[in-house]
Each structure stands twice: as C-alpha cells, then as structure tokens.
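The data block below is work37.pdb; it holds PDB, C-alpha atoms and all ligand atoms.
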```
ATOM      1  CA  MET L 704     262.118 194.974-110.865
ATOM      2  CA  PRO L 705     261.353 198.559-111.949
ATOM      3  CA  LEU L 706     259.352 200.849-109.726
ATOM      4  CA  SER L 707     255.608 200.712-110.263
ATOM      5  CA  LYS L 708     253.922 203.924-111.349
ATOM      6  CA  PRO L 709     252.086 204.495-108.035
ATOM      7  CA  MET L 710     255.317 203.888-106.103
ATOM      8  CA  GLN L 711     257.301 206.221-108.320
ATOM      9  CA  GLU L 712     254.686 208.966-107.980
ATOM     10  CA  ALA L 713     254.538 208.592-104.218
ATOM     11  CA  LEU L 714     258.341 208.736-103.941
ATOM     12  CA  ASN L 715     258.409 211.884-106.074
ATOM     13  CA  ASP L 716     255.778 213.403-103.775
ATOM     14  CA  GLN L 717     257.960 212.509-100.807
ATOM     15  CA  ILE L 718     260.965 214.252-102.373
ATOM     16  CA  ARG L 719     258.773 217.372-102.459
ATOM     17  CA  GLU L 720     257.789 216.851 -98.785
ATOM     18  CA  GLU L 721     261.433 216.620 -97.737
ATOM     19  CA  PHE L 722     262.337 219.759 -99.682
ATOM     20  CA  THR L 723     259.285 221.463 -98.164
ATOM     21  CA  ALA L 724     260.710 220.621 -94.735
ATOM     22  CA  PHE L 725     264.142 221.856 -95.875
ATOM     23  CA  TYR L 726     262.635 225.179 -96.925
ATOM     24  CA  LEU L 727     260.554 225.538 -93.782
ATOM     25  CA  TYR L 728     263.514 224.895 -91.460
ATOM     26  CA  LEU L 729     265.697 227.251 -93.452
ATOM     27  CA  SER L 730     263.081 229.978 -93.182
ATOM     28  CA  MET L 731     262.767 229.327 -89.445
ATOM     29  CA  SER L 732     266.540 229.563 -89.153
ATOM     30  CA  ALA L 733     266.549 232.964 -90.833
ATOM     31  CA  HIS L 734     263.812 234.150 -88.486
ATOM     32  CA  CYS L 735     265.735 233.018 -85.392
ATOM     33  CA  GLU L 736     268.950 234.607 -86.635
ATOM     34  CA  ALA L 737     267.113 237.899 -87.166
ATOM     35  CA  SER L 738     265.517 237.609 -83.699
ATOM     36  CA  ASN L 739     268.888 237.263 -81.958
ATOM     37  CA  PHE L 740     268.643 233.554 -81.303
ATOM     38  CA  PRO L 741     271.790 232.325 -83.089
ATOM     39  CA  GLY L 742     271.744 228.958 -81.322
ATOM     40  CA  PHE L 743     268.252 228.045 -82.528
ATOM     41  CA  ALA L 744     269.174 229.455 -85.946
ATOM     42  CA  ARG L 745     272.121 227.100 -86.148
ATOM     43  CA  TRP L 746     270.089 224.128 -84.975
ATOM     44  CA  LEU L 747     267.343 224.823 -87.525
ATOM     45  CA  ARG L 748     269.821 225.295 -90.335
ATOM     46  CA  SER L 749     271.376 221.954 -89.516
ATOM     47  CA  GLN L 750     267.861 220.424 -89.516
ATOM     48  CA  ALA L 751     267.267 221.977 -92.933
ATOM     49  CA  LEU L 752     270.379 220.290 -94.302
ATOM     50  CA  GLU L 753     269.243 216.963 -92.858
ATOM     51  CA  GLU L 754     265.978 217.341 -94.764
ATOM     52  CA  GLN L 755     267.882 218.068 -97.937
ATOM     53  CA  GLY L 756     269.786 214.847 -97.271
ATOM     54  CA  HIS L 757     266.476 212.968 -96.934
ATOM     55  CA  ALA L 758     265.279 214.367-100.265
ATOM     56  CA  LEU L 759     268.508 213.313-101.971
ATOM     57  CA  ARG L 760     268.334 209.851-100.433
ATOM     58  CA  ILE L 761     264.961 209.319-102.142
ATOM     59  CA  PHE L 762     266.202 211.044-105.298
ATOM     60  CA  ASP L 763     269.038 208.500-105.531
ATOM     61  CA  TYR L 764     266.770 205.584-104.699
ATOM     62  CA  VAL L 765     264.301 206.404-107.484
ATOM     63  CA  GLN L 766     267.189 206.489-109.928
ATOM     64  CA  ASP L 767     268.784 203.319-108.554
ATOM     65  CA  ARG L 768     265.488 201.591-109.266
ATOM     66  CA  GLY L 769     265.418 202.847-112.826
ATOM     67  CA  GLY L 770     262.626 205.315-112.090
ATOM     68  CA  THR L 771     262.184 208.915-113.171
ATOM     69  CA  VAL L 772     262.696 211.821-110.807
ATOM     70  CA  ALA L 773     260.228 214.636-111.523
ATOM     71  CA  LEU L 774     260.863 217.518-109.158
ATOM     72  CA  GLN L 775     257.811 219.489-108.060
ATOM     73  CA  ALA L 776     257.248 223.049-106.850
ATOM     74  CA  ILE L 777     258.013 223.697-103.189
ATOM     75  CA  PRO L 778     255.405 225.792-101.354
ATOM     76  CA  GLN L 779     256.561 229.118 -99.959
ATOM     77  CA  PRO L 780     257.181 228.760 -96.213
ATOM     78  CA  ALA L 781     256.099 231.231 -93.548
ATOM     79  CA  HIS L 782     258.830 233.679 -92.621
ATOM     80  CA  GLN L 783     257.536 235.111 -89.378
ATOM     81  CA  TRP L 784     256.367 233.582 -86.144
ATOM     82  CA  PRO L 785     254.840 235.342 -83.129
ATOM     83  CA  ALA L 786     257.059 233.404 -80.703
ATOM     84  CA  LEU L 787     259.629 230.625 -80.567
ATOM     85  CA  LEU L 788     257.027 228.301 -79.111
ATOM     86  CA  ALA L 789     254.739 228.760 -82.138
ATOM     87  CA  LEU L 790     257.687 228.194 -84.455
ATOM     88  CA  PHE L 791     258.653 224.908 -82.833
ATOM     89  CA  GLU L 792     255.026 223.799 -82.643
ATOM     90  CA  GLN L 793     254.873 224.193 -86.401
ATOM     91  CA  ALA L 794     258.119 222.211 -86.757
ATOM     92  CA  ARG L 795     256.669 219.404 -84.630
ATOM     93  CA  ASP L 796     253.394 219.395 -86.569
ATOM     94  CA  HIS L 797     255.318 219.254 -89.806
ATOM     95  CA  GLU L 798     257.306 216.237 -88.592
ATOM     96  CA  ARG L 799     254.045 214.488 -87.712
ATOM     97  CA  LYS L 800     252.781 215.189 -91.205
ATOM     98  CA  VAL L 801     255.971 213.744 -92.699
ATOM     99  CA  THR L 802     255.587 210.613 -90.557
ATOM    100  CA  ALA L 803     252.056 210.189 -91.910
ATOM    101  CA  SER L 804     253.291 210.471 -95.480
ATOM    102  CA  ILE L 805     256.050 207.899 -94.854
ATOM    103  CA  HIS L 806     253.334 205.588 -93.525
ATOM    104  CA  ARG L 807     251.379 206.152 -96.725
ATOM    105  CA  LEU L 808     254.453 205.229 -98.780
ATOM    106  CA  TYR L 809     254.758 202.074 -96.733
ATOM    107  CA  GLU L 810     251.162 201.165 -97.507
ATOM    108  CA  ILE L 811     251.718 201.700-101.221
ATOM    109  CA  ALA L 812     254.866 199.547-101.099
ATOM    110  CA  ALA L 813     252.799 196.810 -99.430
ATOM    111  CA  ALA L 814     249.983 197.087-101.969
ATOM    112  CA  GLU L 815     252.494 196.934-104.826
ATOM    113  CA  LYS L 816     254.375 194.027-103.207
ATOM    114  CA  ASP L 817     257.482 196.195-103.540
ATOM    115  CA  TYR L 818     259.750 194.640-100.907
ATOM    116  CA  GLY L 819     262.766 196.687-101.995
ATOM    117  CA  SER L 820     260.913 199.897-101.193
ATOM    118  CA  HIS L 821     259.821 198.391 -97.885
ATOM    119  CA  ALA L 822     263.455 197.905 -96.928
ATOM    120  CA  PHE L 823     264.364 201.374 -98.155
ATOM    121  CA  LEU L 824     261.596 203.006 -96.101
ATOM    122  CA  GLU L 825     262.669 201.353 -92.831
ATOM    123  CA  TRP L 826     265.374 203.977 -92.385
ATOM    124  CA  PHE L 827     262.803 206.766 -92.691
ATOM    125  CA  LEU L 828     260.465 205.188 -90.158
ATOM    126  CA  THR L 829     263.244 205.107 -87.569
ATOM    127  CA  GLU L 830     264.351 208.615 -88.480
ATOM    128  CA  GLN L 831     260.817 209.986 -87.990
ATOM    129  CA  ILE L 832     260.626 208.555 -84.476
ATOM    130  CA  GLU L 833     263.762 210.545 -83.658
ATOM    131  CA  GLU L 834     262.523 213.678 -85.444
ATOM    132  CA  GLU L 835     259.203 213.682 -83.621
ATOM    133  CA  LYS L 836     260.927 213.086 -80.302
ATOM    134  CA  THR L 837     263.391 215.970 -80.761
ATOM    135  CA  SER L 838     260.812 218.477 -81.961
ATOM    136  CA  THR L 839     258.418 217.538 -79.153
ATOM    137  CA  GLN L 840     261.221 218.050 -76.618
ATOM    138  CA  MET L 841     261.876 221.506 -78.073
ATOM    139  CA  VAL L 842     258.205 222.421 -77.705
ATOM    140  CA  ASP L 843     258.072 221.095 -74.129
ATOM    141  CA  THR L 844     261.168 222.970 -72.937
ATOM    142  CA  LEU L 845     260.047 226.190 -74.628
ATOM    143  CA  ARG L 846     256.659 225.889 -72.976
ATOM    144  CA  MET L 847     258.410 225.614 -69.605
ATOM    145  CA  ALA L 848     260.585 228.635 -70.388
ATOM    146  CA  GLY L 849     257.486 230.723 -71.121
ATOM    147  CA  ASP L 850     258.565 234.229 -71.977
ATOM    148  CA  HIS L 851     261.396 234.551 -69.486
ATOM    149  CA  PRO L 852     264.264 236.099 -71.487
ATOM    150  CA  GLY L 853     266.883 234.444 -69.276
ATOM    151  CA  ALA L 854     265.488 230.968 -69.841
ATOM    152  CA  LEU L 855     265.128 231.540 -73.590
ATOM    153  CA  LEU L 856     268.718 232.752 -73.882
ATOM    154  CA  MET L 857     269.930 229.715 -72.003
ATOM    155  CA  LEU L 858     267.975 227.352 -74.277
ATOM    156  CA  ASP L 859     269.320 229.196 -77.305
ATOM    157  CA  ARG L 860     272.890 228.738 -76.142
ATOM    158  CA  GLU L 861     272.217 225.089 -75.414
ATOM    159  CA  ALA L 862     270.729 224.456 -78.886
ATOM    160  CA  GLY L 863     273.763 226.091 -80.483
ATOM    161  CA  ALA L 864     276.245 224.091 -78.416
ATOM    162  CA  ARG L 865     274.408 220.827 -79.099
ATOM    163  CA  THR L 866     274.453 221.497 -82.832
ATOM    164  CA  ALA L 867     278.153 222.340 -82.756
ATOM    165  CA  ALA L 868     278.875 219.055 -80.957
ATOM    166  CA  GLU L 869     276.732 217.057 -83.428
ATOM    167  CA  GLU L 870     278.440 218.722 -86.359
ATOM    168  CA  GLY L 871     281.765 217.726 -84.873
ATOM    169  CA  GLY L 872     283.112 221.258 -84.846
ATOM    170  CA  GLY L 873     283.522 223.738 -82.025
ATOM    171  CA  ALA L 874     281.583 226.983 -81.768
ATOM    172  CA  GLU L 875     282.259 229.175 -84.767
TER     173      GLU L 875
HETATM  174 FE    FE F   1     262.848 214.355 -93.422
HETATM  175 FE    FE F   2     262.456 215.952 -90.362
END
```
Let's see the structure in the file written out as structure tokens.
Ligand SMILES: [Fe+2]
Ligand SMILES: [Fe+2]
Amino acid sequence: MPLSKPMQEALNDQIREEFTAFYLYLSMSAHCEASNFPGFARWLRSQALEEQGHALRIFDYVQDRGGTVALQAIPQPAHQWPALLALFEQARDHERKVTASIHRLYEIAAAEKDYGSHAFLEWFLTEQIEEEKTSTQMVDTLRMAGDHPGALLMLDREAGARTAAEEGGGAE
C-alpha cells in the first residue's frame, strides 16, 4: 500500500526536524570546541551524527514505501550560548519538541490506518525516551556543577570518555 499524502508530508516534515537537530547539535559542538570543552564537543558531534542517521532512516522508509522525498530548508541554528547549562537546556527542549512531532506522526498513521508506519515509528518512540533521558541528565548535572570550573572540566572529560567508549574507539 503506497503512503497516503498526509503521511508522506508528515514524514518529509520529520526528515527536516531530524536534520534541524543535526544542525543544532553540530553548531553546539563547534561552540563547545571553541570554548575549550572538547569532551562536550565530541559528545554533541556524535549526537549530530545520530540525528543524521534518524533523518536517513525516514528518508529510506519513504522510498521503501514508494513515496517521494522532498527535502526542505533547514533553519539556521544558534551559534552562541551564554553558558553550557543554557546550551543543554536548549538541547533538552529540542528533544521534547521532536518527541511531540513523533507523537503527531503516530496520530496521522492511526488516522490513515497505516499500520506499516505505526511499526516503523515504534523505534523512534523508544529512541526519544532515551534522548530525553540523556539530555535531562546533562542539564541536571550541569546545574549541580554551577559555574565551578573544576566541576565543569570534570564533566567535560567524562562526556568525552563516554563518547569514545560508545564509539568503540579510544581517546583520539
Ligand atoms: Fe532524532
Ligand atoms: Fe535526538
């Protein structure tokens, strides 16, 4: 069964959302690198690539279903943040927004009786639970660190080491 028009449009919108997240995380990574937080920079860059992966997952799905991919413009992300806490608060808020848009996709799939899309979206629902959890933890630990340089440096090192372990490689 081909994708319905509303479903196809909503999936194309979601591709844009995922690339928007990709761009935002990449911009945040550049900011952290420039602010001497290489660990957070690495973590954010790896997040960016995950978002790119999400976009491509939907990109492939639309095509697998015989639909048309129509890429949209990606909004320009911020490139400066007053503090790490503000940066990670924005990341968390963005993840919440993405969760809401996945929920909207789910509702459209239900309205269209598109059970294939339902199954496809399951993965994203689970992924968003993880994404919201991780970004909320970042915000909470940064709030505890306040503006103590020692604590921030320690968290930076930790974020870098965690990313290295997840990527399966050692520190570069
Ligand atoms: Fe995503
Ligand atoms: Fe995400």
Please evaluate the PyMOL selection byres (((chain L and resi 805) around 8) and not hetatm) against the structure above and give the resulting residues as JSON, numbers by chain. {"L": [717, 801, 802, 803, 804, 806, 807, 808, 809, 824, 827, 828]}
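Closest approach to ligand FE 1 (chain F) among L:Ala868, L:Ala862, L:Ala848, L:Leu727 is made by L:Leu727 (distances from only C-alpha atoms and all ligand atoms).
Distances here use all atoms listed in the file; by that measure, the residue among L:Gln755, L:Gln711, L:Thr866, L:Gln766 closest to ligand FE 2 (chain F) is L:Gln755.
Distances here use only C-alpha atoms; by that measure, the residue among L:Arg865, L:His782, L:His757, L:His821 closest to L:Ser738 is L:His782.
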Show me as a PyMOL selection string the residues that reach within 12 Å of (256.5, 225.0, -85.6), counting all atoms listed in the file and using the file's own coordinates. chain L and resi 724+727-728+730-732+747+780-800+835+838-839+841-842+845
Assuming the chain letters and numbering stay as they are in my file, what does the PyMOL selection byres (((chain L and resi 769) around 12) and not hetatm) actually select? List them as a JSON list (two decimals) with C-alpha atoms, in the frame of the given file.
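The resulting file, expr_32.json, is reproduced below:
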```
[["chain", "number", "residue", "atom", "x", "y", "z"],
["L", 704, "MET", "CA", 262.12, 194.97, -110.86],
["L", 705, "PRO", "CA", 261.35, 198.56, -111.95],
["L", 706, "LEU", "CA", 259.35, 200.85, -109.73],
["L", 707, "SER", "CA", 255.61, 200.71, -110.26],
["L", 708, "LYS", "CA", 253.92, 203.92, -111.35],
["L", 711, "GLN", "CA", 257.30, 206.22, -108.32],
["L", 762, "PHE", "CA", 266.20, 211.04, -105.30],
["L", 763, "ASP", "CA", 269.04, 208.50, -105.53],
["L", 764, "TYR", "CA", 266.77, 205.58, -104.70],
["L", 765, "VAL", "CA", 264.30, 206.40, -107.48],
["L", 766, "GLN", "CA", 267.19, 206.49, -109.93],
["L", 767, "ASP", "CA", 268.78, 203.32, -108.55],
["L", 768, "ARG", "CA", 265.49, 201.59, -109.27],
["L", 770, "GLY", "CA", 262.63, 205.32, -112.09],
["L", 771, "THR", "CA", 262.18, 208.92, -113.17],
["L", 772, "VAL", "CA", 262.70, 211.82, -110.81]]
```
Please measure the separation of atom CA of L:Thr844 and atom CA of L:Glu736, giving the value in Å to one decimal. 19.6 Å
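Here the question is which of L:Gly819, L:Leu714, L:Ile832, L:Gly863 gets nearest to L:Arg760 using only C-alpha atoms, and that residue is L:Leu714.
The space between atom CA of L:Glu833 and atom CA of L:Cys735 spans 22.6 Å.
In this comparison, which uses all atoms listed in the file, the residue of L:Ala773, L:Met710, L:Leu729, L:Ala751 approaching ligand FE 1 (chain F) most closely is L:Ala751.
Considering the residues L:Glu712, L:Glu830, L:Glu825, L:Glu810 and counting all atoms listed in the file, ligand FE 2 (chain F) has its shortest atom-to-atom contact with L:Glu830.
The interatomic distance for the pair atom CA of L:Glu720 and atom CA of L:Ser749 works out to 17.2 Å.
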What's the 12 Å shell around L:Glu861, counting all atoms listed in the file, without same-chain residues fewer than 2 positions away, as a ChimeraX atom specification? /L:740-746,841,844,854-859,863-868,874
